[in-house]
$ cat coords-v9.txt   # compact mmCIF, C-alpha atoms
# COMPACT_ATOMS: atom_id res chain seq x y z
CA MET A 1 26.23 7.42 7.39
CA SER A 2 26.51 10.35 9.74
CA SER A 3 24.61 9.64 12.95
CA SER A 4 23.55 13.28 12.95
CA LEU A 5 21.75 13.06 9.56
CA ARG A 6 18.14 14.17 10.06
CA ILE A 7 15.45 12.40 8.01
CA ILE A 8 11.79 13.27 7.52
CA SER A 9 9.62 10.59 5.89
CA LEU A 10 6.31 11.69 4.38
CA LEU A 11 5.37 8.24 3.14
CA PRO A 12 4.45 5.20 5.28
CA SER A 13 6.37 2.77 3.05
CA ALA A 14 9.45 5.02 3.17
CA THR A 15 9.26 5.12 6.97
CA GLU A 16 9.20 1.32 6.96
CA ILE A 17 12.19 1.21 4.60
CA ILE A 18 14.17 3.59 6.85
CA CYS A 19 13.44 1.50 9.94
CA ALA A 20 14.19 -1.79 8.17
CA LEU A 21 17.59 -0.34 7.24
CA GLY A 22 18.33 0.31 10.92
CA LEU A 23 18.02 4.10 10.68
CA GLU A 24 15.03 4.71 12.91
CA GLN A 25 17.17 6.84 15.23
CA ASN A 26 17.72 9.29 12.33
CA LEU A 27 14.01 9.89 11.75
CA VAL A 28 12.99 13.27 13.15
CA GLY A 29 9.56 13.66 11.53
CA ARG A 30 6.83 11.71 9.77
CA SER A 31 3.55 12.09 7.91
CA HIS A 32 0.18 11.77 9.64
CA GLU A 33 -0.22 8.36 7.97
CA CYS A 34 3.09 6.86 9.12
CA ASP A 35 2.15 4.43 11.89
CA TYR A 36 4.56 1.48 11.58
CA PRO A 37 6.58 0.47 13.47
CA GLU A 38 4.69 1.68 16.53
CA SER A 39 7.87 3.16 17.99
CA ILE A 40 7.80 6.02 15.43
CA GLN A 41 4.39 7.29 16.46
CA ASN A 42 5.85 9.78 18.95
CA LEU A 43 7.71 11.64 16.18
CA PRO A 44 6.53 15.13 15.14
CA VAL A 45 3.82 15.00 12.45
CA CYS A 46 4.63 17.09 9.38
CA THR A 47 1.40 16.75 7.35
CA GLU A 48 -2.36 16.62 7.79
CA ALA A 49 -5.17 15.42 5.55
CA ASN A 50 -7.69 17.82 4.04
CA ILE A 51 -10.42 15.18 4.02
CA PRO A 52 -12.67 14.94 7.10
CA ASP A 53 -12.81 11.74 9.12
CA GLY A 54 -15.91 9.57 9.13
CA LEU A 55 -16.80 9.78 5.44
CA SER A 56 -18.09 6.78 3.48
CA SER A 57 -16.17 5.37 0.50
CA GLY A 58 -18.40 7.24 -1.91
CA GLU A 59 -18.04 10.49 0.03
CA ILE A 60 -14.24 10.11 0.19
CA ASP A 61 -14.09 9.54 -3.58
CA SER A 62 -16.27 12.61 -4.25
CA LYS A 63 -14.21 14.77 -1.89
CA VAL A 64 -10.93 13.64 -3.47
CA LYS A 65 -12.20 14.44 -6.96
CA GLU A 66 -13.54 17.80 -5.81
CA ILE A 67 -10.22 18.81 -4.24
CA LEU A 68 -8.14 17.64 -7.21
CA ASN A 69 -10.51 19.29 -9.72
CA ASP A 70 -9.99 22.58 -7.89
CA ALA A 71 -6.22 22.08 -8.27
CA LEU A 72 -5.87 21.88 -4.51
CA SER A 73 -3.91 19.38 -2.43
CA LEU A 74 -5.30 16.49 -0.43
CA TYR A 75 -2.64 17.20 2.20
CA THR A 76 -1.33 20.21 4.05
CA VAL A 77 2.38 20.36 4.73
CA LYS A 78 3.16 21.77 8.16
CA LYS A 79 5.92 24.10 7.04
CA ASP A 80 6.58 25.45 10.54
CA VAL A 81 7.17 21.93 11.88
CA ILE A 82 9.53 21.10 9.02
CA ARG A 83 11.41 24.34 9.54
CA GLU A 84 11.88 23.53 13.23
CA LEU A 85 13.11 20.03 12.40
CA GLN A 86 15.68 21.27 9.83
CA PRO A 87 15.95 17.96 7.91
CA ASP A 88 18.88 16.92 5.76
CA ILE A 89 16.76 14.39 3.83
CA VAL A 90 13.05 14.41 3.02
CA ILE A 91 11.46 11.31 1.46
CA THR A 92 8.20 11.59 -0.47
CA GLN A 93 6.62 10.10 -3.61
CA ASP A 94 5.67 11.10 -7.12
CA GLN A 95 3.23 8.36 -7.99
CA CYS A 96 -0.21 9.08 -6.59
CA ASP A 97 -1.77 12.36 -5.42
CA VAL A 98 -4.14 10.36 -3.22
CA CYS A 99 -1.52 8.22 -1.48
CA ALA A 100 0.78 10.83 0.02
CA VAL A 101 2.18 14.32 -0.24
CA SER A 102 3.37 14.95 -3.80
CA LEU A 103 6.86 15.93 -4.88
CA PRO A 104 5.92 19.47 -6.07
CA LYS A 105 4.17 20.14 -2.76
CA ILE A 106 7.31 19.22 -0.83
CA GLN A 107 9.60 21.17 -3.13
CA GLN A 108 7.43 24.23 -2.59
CA ALA A 109 7.35 23.73 1.17
CA LEU A 110 11.13 23.36 1.46
CA GLN A 111 12.15 26.10 -0.91
CA ASP A 112 11.53 29.05 1.38
CA HIS A 113 11.34 27.47 4.80
CA LEU A 114 14.72 25.91 5.51
CA ASP A 115 17.96 27.55 6.59
CA LYS A 116 19.89 24.93 4.61
CA PRO A 117 19.05 22.91 1.48
CA ALA A 118 17.51 19.48 2.09
CA GLN A 119 17.88 16.58 -0.30
CA ILE A 120 14.58 15.16 -1.54
CA ILE A 121 14.28 11.46 -2.33
CA SER A 122 11.13 10.78 -4.34
CA LEU A 123 9.87 7.20 -4.71
CA GLN A 124 7.72 6.04 -7.61
CA PRO A 125 7.20 2.28 -7.40
CA ASN A 126 4.88 0.38 -9.74
CA SER A 127 6.15 -3.16 -9.15
CA ILE A 128 7.99 -5.40 -6.69
CA ASP A 129 11.24 -4.77 -8.55
CA ASP A 130 10.63 -1.02 -8.24
CA MET A 131 10.16 -1.43 -4.48
CA LEU A 132 13.43 -3.35 -4.20
CA ALA A 133 15.15 -0.72 -6.34
CA ASP A 134 13.80 1.99 -4.01
CA ILE A 135 15.36 0.18 -1.04
CA LYS A 136 18.68 0.03 -2.92
CA ARG A 137 18.51 3.72 -3.86
CA VAL A 138 17.55 4.87 -0.35
CA SER A 139 20.22 2.72 1.30
CA SER A 140 22.85 3.93 -1.17
CA THR A 141 21.88 7.59 -0.70
CA LEU A 142 22.03 7.20 3.08
CA ASN A 143 25.36 5.33 2.92
CA VAL A 144 24.05 2.06 4.34
CA ALA A 145 24.34 0.06 1.11
CA ASP A 146 25.30 -3.15 2.94
CA ALA A 147 22.14 -3.01 5.06
CA GLY A 148 20.14 -2.41 1.89
CA ASP A 149 21.70 -5.39 0.12
CA ALA A 150 21.01 -7.63 3.14
CA LEU A 151 17.38 -6.49 3.32
CA ILE A 152 16.86 -7.03 -0.42
CA GLU A 153 18.44 -10.49 -0.22
CA ASP A 154 16.09 -11.47 2.61
CA LEU A 155 13.01 -10.20 0.75
CA GLU A 156 14.02 -11.92 -2.49
CA GLU A 157 14.58 -15.18 -0.63
CA ARG A 158 11.05 -15.05 0.80
CA ILE A 159 9.63 -14.31 -2.66
CA ASN A 160 11.55 -17.22 -4.19
CA ILE A 161 10.32 -19.65 -1.54
CA ILE A 162 6.76 -19.03 -2.77
CA ARG A 163 7.74 -19.22 -6.43
CA HIS A 164 9.57 -22.52 -5.87
CA LYS A 165 6.76 -24.15 -3.90
CA LEU A 166 4.23 -23.34 -6.64
CA LYS A 167 6.49 -24.31 -9.53
CA PHE A 168 4.66 -27.51 -10.37
CA ILE A 169 1.11 -26.44 -9.46
CA ASP A 170 -0.87 -25.86 -12.64
CA ALA A 171 -4.26 -24.88 -11.19
CA LYS A 172 -4.39 -21.09 -11.08
CA PRO A 173 -7.67 -19.59 -9.83
CA THR A 174 -8.76 -16.23 -11.21
CA VAL A 175 -8.52 -13.51 -8.56
CA ALA A 176 -10.19 -10.10 -8.38
CA CYS A 177 -8.64 -7.69 -5.88
CA ILE A 178 -10.92 -4.78 -4.99
CA GLU A 179 -9.10 -1.54 -4.10
CA TRP A 180 -12.17 0.65 -3.58
CA LEU A 181 -15.83 -0.13 -2.95
CA ASP A 182 -17.68 3.01 -4.11
CA PRO A 183 -17.03 3.51 -6.95
CA LEU A 184 -15.51 0.13 -7.65
CA MET A 185 -11.80 -0.02 -8.39
CA VAL A 186 -9.64 -3.07 -9.02
CA SER A 187 -6.09 -3.12 -7.63
CA GLY A 188 -3.34 -2.41 -10.16
CA ASN A 189 0.34 -1.51 -9.80
CA TRP A 190 2.12 -4.36 -7.97
CA ILE A 191 -1.02 -6.24 -6.85
CA PRO A 192 -1.51 -8.30 -10.07
CA GLU A 193 2.13 -9.32 -9.73
CA LEU A 194 1.54 -10.48 -6.15
CA VAL A 195 -1.45 -12.52 -7.33
CA SER A 196 0.60 -14.16 -10.10
CA ILE A 197 3.52 -15.07 -7.83
CA ALA A 198 1.07 -16.44 -5.24
CA GLY A 199 -0.41 -18.81 -7.80
CA GLY A 200 -3.41 -16.94 -9.17
CA LYS A 201 -4.50 -15.18 -12.35
CA PRO A 202 -5.31 -11.50 -11.80
CA VAL A 203 -8.40 -10.18 -13.55
CA LEU A 204 -9.47 -6.68 -14.66
CA ALA A 205 -6.15 -4.98 -13.83
CA ASP A 206 -2.67 -5.07 -15.35
CA ALA A 207 0.63 -5.32 -13.51
CA GLY A 208 2.51 -2.04 -13.39
CA LYS A 209 -0.50 0.09 -14.36
CA HIS A 210 -2.65 2.28 -12.13
CA SER A 211 -5.77 0.80 -10.53
CA PRO A 212 -8.75 1.12 -12.89
CA TYR A 213 -12.35 1.95 -12.13
CA VAL A 214 -14.67 -0.89 -13.16
CA ASP A 215 -18.39 -1.45 -13.46
CA TRP A 216 -20.10 -4.13 -11.41
CA ASP A 217 -20.99 -5.91 -14.65
CA ASP A 218 -17.25 -6.21 -15.40
CA ILE A 219 -16.81 -8.23 -12.21
CA ARG A 220 -19.91 -10.31 -12.93
CA LEU A 221 -18.62 -11.13 -16.41
CA ALA A 222 -15.15 -11.99 -15.11
CA ASP A 223 -16.80 -14.18 -12.44
CA PRO A 224 -13.55 -14.70 -10.50
CA ASP A 225 -12.79 -17.81 -8.46
CA VAL A 226 -11.47 -15.64 -5.61
CA ILE A 227 -12.36 -12.10 -4.49
CA VAL A 228 -10.09 -10.20 -2.10
CA LEU A 229 -11.25 -6.88 -0.67
CA MET A 230 -8.32 -4.59 0.18
CA PRO A 231 -9.56 -0.99 0.06
CA CYS A 232 -6.67 1.46 0.13
CA GLY A 233 -6.11 2.79 3.64
CA PHE A 234 -8.87 0.62 5.17
CA SER A 235 -8.39 -1.86 8.00
CA ILE A 236 -10.41 -5.08 8.00
CA ASP A 237 -12.93 -3.57 10.44
CA ARG A 238 -13.26 -0.43 8.32
CA THR A 239 -13.98 -2.52 5.22
CA MET A 240 -16.52 -4.61 7.14
CA ARG A 241 -18.52 -1.46 7.83
CA GLU A 242 -19.16 -1.02 4.11
CA ILE A 243 -19.21 -4.58 2.85
CA SER A 244 -22.94 -4.29 2.17
CA LEU A 245 -21.98 -2.14 -0.82
CA LEU A 246 -20.88 -5.42 -2.42
CA LEU A 247 -23.33 -7.81 -0.80
CA ASP A 248 -26.26 -5.83 -2.19
CA LYS A 249 -25.03 -5.86 -5.79
CA PRO A 250 -27.32 -7.73 -8.24
CA GLY A 251 -26.12 -11.26 -8.83
CA PHE A 252 -23.52 -11.10 -6.07
CA ALA A 253 -24.57 -14.42 -4.54
CA GLU A 254 -24.29 -16.12 -7.94
CA LEU A 255 -20.59 -15.41 -8.37
CA LYS A 256 -18.29 -18.45 -8.28
CA ALA A 257 -16.22 -16.94 -5.47
CA ILE A 258 -19.30 -16.54 -3.30
CA LYS A 259 -20.76 -19.96 -4.10
CA ASN A 260 -17.41 -21.55 -3.19
CA ASN A 261 -16.91 -19.43 -0.04
CA ARG A 262 -13.84 -17.67 -1.39
CA LEU A 263 -14.48 -14.05 -0.40
CA TYR A 264 -11.69 -12.55 1.70
CA ILE A 265 -10.99 -9.23 3.40
CA ALA A 266 -7.38 -8.12 3.77
CA ASP A 267 -5.93 -5.20 5.69
CA GLY A 268 -5.46 -2.67 2.89
CA ASN A 269 -3.93 -0.14 5.25
CA GLN A 270 -1.07 -2.07 6.81
CA TYR A 271 -0.51 -4.32 3.78
CA PHE A 272 -0.88 -4.31 0.00
CA ASN A 273 -1.05 -0.52 -0.45
CA ARG A 274 2.37 0.21 1.07
CA PRO A 275 5.19 -0.53 -1.39
CA GLY A 276 7.87 -1.10 1.22
CA PRO A 277 9.37 -4.23 2.81
CA ARG A 278 5.95 -5.43 4.00
CA LEU A 279 4.91 -5.88 0.38
CA VAL A 280 6.49 -9.31 0.82
CA ASP A 281 4.26 -9.84 3.87
CA SER A 282 1.40 -8.96 1.52
CA LEU A 283 2.63 -11.59 -0.95
CA GLU A 284 2.64 -14.17 1.85
CA ILE A 285 -0.92 -13.17 2.75
CA MET A 286 -1.96 -13.59 -0.88
CA ALA A 287 -0.30 -17.00 -0.99
CA GLU A 288 -2.21 -18.07 2.14
CA ILE A 289 -5.47 -16.93 0.54
CA ILE A 290 -4.97 -18.45 -2.91
CA ASN A 291 -3.15 -21.64 -1.88
CA PRO A 292 -4.10 -22.38 1.73
CA LYS A 293 -2.95 -26.01 1.47
CA GLN A 294 0.58 -24.94 0.55
CA PHE A 295 1.13 -21.94 2.81
CA ILE A 296 0.59 -20.96 6.44
CA PHE A 297 2.54 -17.82 7.33
CA GLY A 298 0.38 -16.87 10.31
CA PHE A 299 -1.40 -13.81 8.92
CA GLU A 300 -4.96 -15.17 9.04
CA GLY A 301 -7.11 -13.32 11.55
CA ASN A 302 -4.82 -10.31 11.56
CA GLY A 303 -3.72 -9.54 8.00
CA TRP A 304 -6.77 -11.20 6.42
CA ILE A 305 -10.02 -13.04 7.15
CA LYS A 306 -12.39 -15.20 5.17
CA PHE A 307 -15.83 -13.62 4.95
CA SER A 308 -18.74 -16.04 4.74
CA VAL A 309 -21.91 -14.66 3.20

$ encode --input "coords-v9.txt" --output "structure tokens"
Amino acid sequence: MSSSLRIISLLPSATEIICALGLEQNLVGRSHECDYPESIQNLPVCTEANIPDGLSSGEIDSKVKEILNDALSLYTVKKDVIRELQPDIVITQDQCDVCAVSLPKIQQALQDHLDKPAQIISLQPNSIDDMLADIKRVSSTLNVADAGDALIEDLEERINIIRHKLKFIDAKPTVACIEWLDPLMVSGNWIPELVSIAGGKPVLADAGKHSPYVDWDDIRLADPDVIVLMPCGFSIDRTMREISLLLDKPGFAELKAIKNNRLYIADGNQYFNRPGPRLVDSLEIMAEIINPKQFIFGFEGNGWIKFSV
């Protein structure tokens, strides 16, 4: 790959893919949400959110729906910044209007604001295999296919270690992963797959499908053995600030997961909701949570905590 190739990443997971492929020096711009690895945080920021800081989960949900209903964007693209950076490659996504800047928004921003055409790579992962395929496609496009193959091999090896260790364990607890607290959403896409590989049975959401809204009664009826809170974009501390939204639900204390002290909070910002290489870190976290006697990867206290009611 040409060392002069200029890359803008408008997706945190894409930024992590670029850096894992050894191309951090080619990144010239990032989105406002790209924050890993820390060394990229001094790059020019090419987007900004149109949702104010400090809102509650319910307020964020209402604001998102209001903006989307008005056919507006959740994000503003800083066209002047992109024009100054003159990228050769721009990476975005075409999966979720809430997660990052959409493909049409980027196409519009680039069309009239660059002196030369830029290639757009749009990612649309719904599963672990999709994430690995994205790494292969990005590495191939950027002419670092060998680095991509090596990264994929390493990630697959880590996945297979967990699969192999659980091969003869029959007990599979039911697991509910909560992606949003108000209104309640259960984690879909790749999360049910992570639960299954880590030795659990996902409830209320299907692998490869978008995260569904659910009623509290749905969770009560499912009565999962394990509950993992991983609100999208929320750190553990941020989730803790709103955990009363769950604790105050009728019948909460009667759930099996609560009676057996199996309520967990995971970092839904750094892990789980970023379909890049750290999705395998997220799998290891899930394995630690579901099968603590089999796995210790060192994420407890940082990537996840047990919450005792």

$ closest_residue --input "coords-v9.txt" --among "A:Ile285, A:Ala118, A:Ile236, A:Ile135" --to "Ile197 of chain A" --atoms "all atoms listed in the file"
A:Ile285

$ closest_residue --input "coords-v9.txt" --among "A:Glu156, A:Glu242, A:Asp88, A:Asp206" --to "Ser57 of chain A" --atoms "only C-alpha atoms"
A:Glu242

$ atom_distance --input "coords-v9.txt" --atom1 "atom CA of Asn291 of chain A" --atom2 "atom CA of Gly276 of chain A"
23.5 Å

$ atom_distance --input "coords-v9.txt" --atom1 "atom CA of Gln119 of chain A" --atom2 "atom CA of Leu10 of chain A"
13.4 Å

$ closest_residue --input "coords-v9.txt" --among "A:Val214, A:Val195, A:Leu246, A:Met240" --to "Val226 of chain A" --atoms "all atoms listed in the file"
A:Val195

$ closest_residue --input "coords-v9.txt" --among "A:Pro277, A:Gly268, A:Pro117, A:Gly298" --to "Leu155 of chain A" --atoms "only C-alpha atoms"
A:Pro277

$ closest_residue --input "coords-v9.txt" --among "A:Ile82, A:Leu279, A:Ala266, A:Leu245" --to "Asp130 of chain A" --atoms "only C-alpha atoms"
A:Leu279

$ atom_distance --input "coords-v9.txt" --atom1 "atom CA of Val175 of chain A" --atom2 "atom CA of Glu157 of chain A"
24.5 Å

$ residues_around --input "coords-v9.txt" --residues "segment 287-290 of chain A" --least-positions-apart "3" --cutoff "9 Å" --atoms "all atoms listed in the file" --output "list of chain:residue names"
A:Ile162, A:Lys172, A:Pro173, A:Val175, A:Leu194, A:Val195, A:Ile197, A:Ala198, A:Gly199, A:Gly200, A:Val226, A:Val228, A:Arg262, A:Tyr264, A:Ser282, A:Leu283, A:Glu284, A:Lys293, A:Gln294, A:Phe295, A:Ile296, A:Phe297, A:Gly298, A:Phe299, A:Glu300, A:Trp304, A:Ile305, A:Lys306

$ residues_around --input "coords-v9.txt" --residues "segment 29-35 of chain A" --least-positions-apart "4" --cutoff "6 Å" --atoms "all atoms listed in the file" --output "list in words"
Ile8, Ser9, Leu10, Pro12, Gln41, Leu43, Pro44, Val45, Cys46, Thr47 and Glu48 of chain A

$ decode --input "coords-v9.txt" --residues "segment 167-178 of chain A" --atoms "all heavy atoms" --output "short mmCIF file (atom, residue, chain, number, x, y, z; two decimals), in the first residue's frame"
data_model
loop_
_atom_site.label_atom_id
_atom_site.label_comp_id
_atom_site.auth_asym_id
_atom_site.auth_seq_id
_atom_site.Cartn_x
_atom_site.Cartn_y
_atom_site.Cartn_z
N LYS A 167 -16.78 -27.53 24.66
CA LYS A 167 -17.32 -28.57 23.79
C LYS A 167 -18.13 -29.62 24.55
O LYS A 167 -19.16 -30.11 24.06
CB LYS A 167 -16.17 -29.23 23.04
CG LYS A 167 -16.61 -30.10 21.87
CD LYS A 167 -15.40 -30.56 21.08
CE LYS A 167 -15.82 -31.40 19.87
NZ LYS A 167 -14.63 -31.85 19.10
N PHE A 168 -17.69 -29.96 25.74
CA PHE A 168 -18.34 -31.05 26.47
C PHE A 168 -19.13 -30.54 27.68
O PHE A 168 -19.47 -31.33 28.56
CB PHE A 168 -17.30 -32.08 26.91
CG PHE A 168 -16.55 -32.67 25.73
CD1 PHE A 168 -15.23 -32.35 25.51
CD2 PHE A 168 -17.20 -33.52 24.84
CE1 PHE A 168 -14.54 -32.88 24.42
CE2 PHE A 168 -16.52 -34.07 23.76
CZ PHE A 168 -15.19 -33.74 23.55
N ILE A 169 -19.41 -29.25 27.72
CA ILE A 169 -20.22 -28.69 28.81
C ILE A 169 -21.65 -28.53 28.32
O ILE A 169 -21.92 -27.79 27.38
CB ILE A 169 -19.64 -27.34 29.29
CG1 ILE A 169 -18.27 -27.58 29.93
CG2 ILE A 169 -20.59 -26.67 30.28
CD1 ILE A 169 -17.60 -26.33 30.43
N ASP A 170 -22.55 -29.28 28.93
CA ASP A 170 -23.94 -29.31 28.47
C ASP A 170 -24.79 -28.20 29.08
O ASP A 170 -25.75 -27.75 28.45
CB ASP A 170 -24.58 -30.67 28.78
CG ASP A 170 -23.91 -31.80 28.00
OD1 ASP A 170 -23.51 -31.56 26.85
OD2 ASP A 170 -23.80 -32.91 28.55
N ALA A 171 -24.47 -27.80 30.31
CA ALA A 171 -25.30 -26.79 30.99
C ALA A 171 -25.14 -25.44 30.29
O ALA A 171 -24.04 -24.89 30.21
CB ALA A 171 -24.88 -26.69 32.45
N LYS A 172 -26.25 -24.92 29.77
CA LYS A 172 -26.22 -23.65 29.06
C LYS A 172 -27.26 -22.71 29.67
O LYS A 172 -28.45 -22.84 29.38
CB LYS A 172 -26.51 -23.85 27.57
CG LYS A 172 -25.44 -24.68 26.85
CD LYS A 172 -25.76 -24.79 25.37
CE LYS A 172 -24.75 -25.67 24.65
NZ LYS A 172 -23.38 -25.13 24.70
N PRO A 173 -26.84 -21.77 30.51
CA PRO A 173 -27.78 -20.85 31.13
C PRO A 173 -28.41 -19.91 30.10
O PRO A 173 -27.78 -19.56 29.10
CB PRO A 173 -26.91 -20.06 32.12
CG PRO A 173 -25.53 -20.16 31.55
CD PRO A 173 -25.45 -21.51 30.91
N THR A 174 -29.66 -19.53 30.33
CA THR A 174 -30.30 -18.55 29.46
C THR A 174 -29.77 -17.16 29.82
O THR A 174 -29.57 -16.84 30.99
CB THR A 174 -31.82 -18.58 29.60
OG1 THR A 174 -32.18 -18.43 30.97
CG2 THR A 174 -32.37 -19.90 29.07
N VAL A 175 -29.53 -16.35 28.78
CA VAL A 175 -28.87 -15.06 28.98
C VAL A 175 -29.66 -13.97 28.24
O VAL A 175 -29.92 -14.09 27.05
CB VAL A 175 -27.42 -15.09 28.44
CG1 VAL A 175 -26.73 -13.74 28.70
CG2 VAL A 175 -26.63 -16.23 29.08
N ALA A 176 -30.01 -12.92 28.98
CA ALA A 176 -30.63 -11.74 28.38
C ALA A 176 -29.62 -10.61 28.38
O ALA A 176 -29.09 -10.24 29.44
CB ALA A 176 -31.88 -11.33 29.16
N CYS A 177 -29.33 -10.09 27.20
CA CYS A 177 -28.41 -8.95 27.07
C CYS A 177 -29.22 -7.70 26.75
O CYS A 177 -29.93 -7.67 25.75
CB CYS A 177 -27.39 -9.22 25.97
SG CYS A 177 -26.32 -10.64 26.31
N ILE A 178 -29.12 -6.71 27.62
CA ILE A 178 -29.93 -5.49 27.50
C ILE A 178 -29.11 -4.42 26.79
O ILE A 178 -28.07 -3.99 27.29
CB ILE A 178 -30.39 -4.99 28.88
CG1 ILE A 178 -31.05 -6.11 29.68
CG2 ILE A 178 -31.33 -3.79 28.72
CD1 ILE A 178 -32.30 -6.67 29.07
#
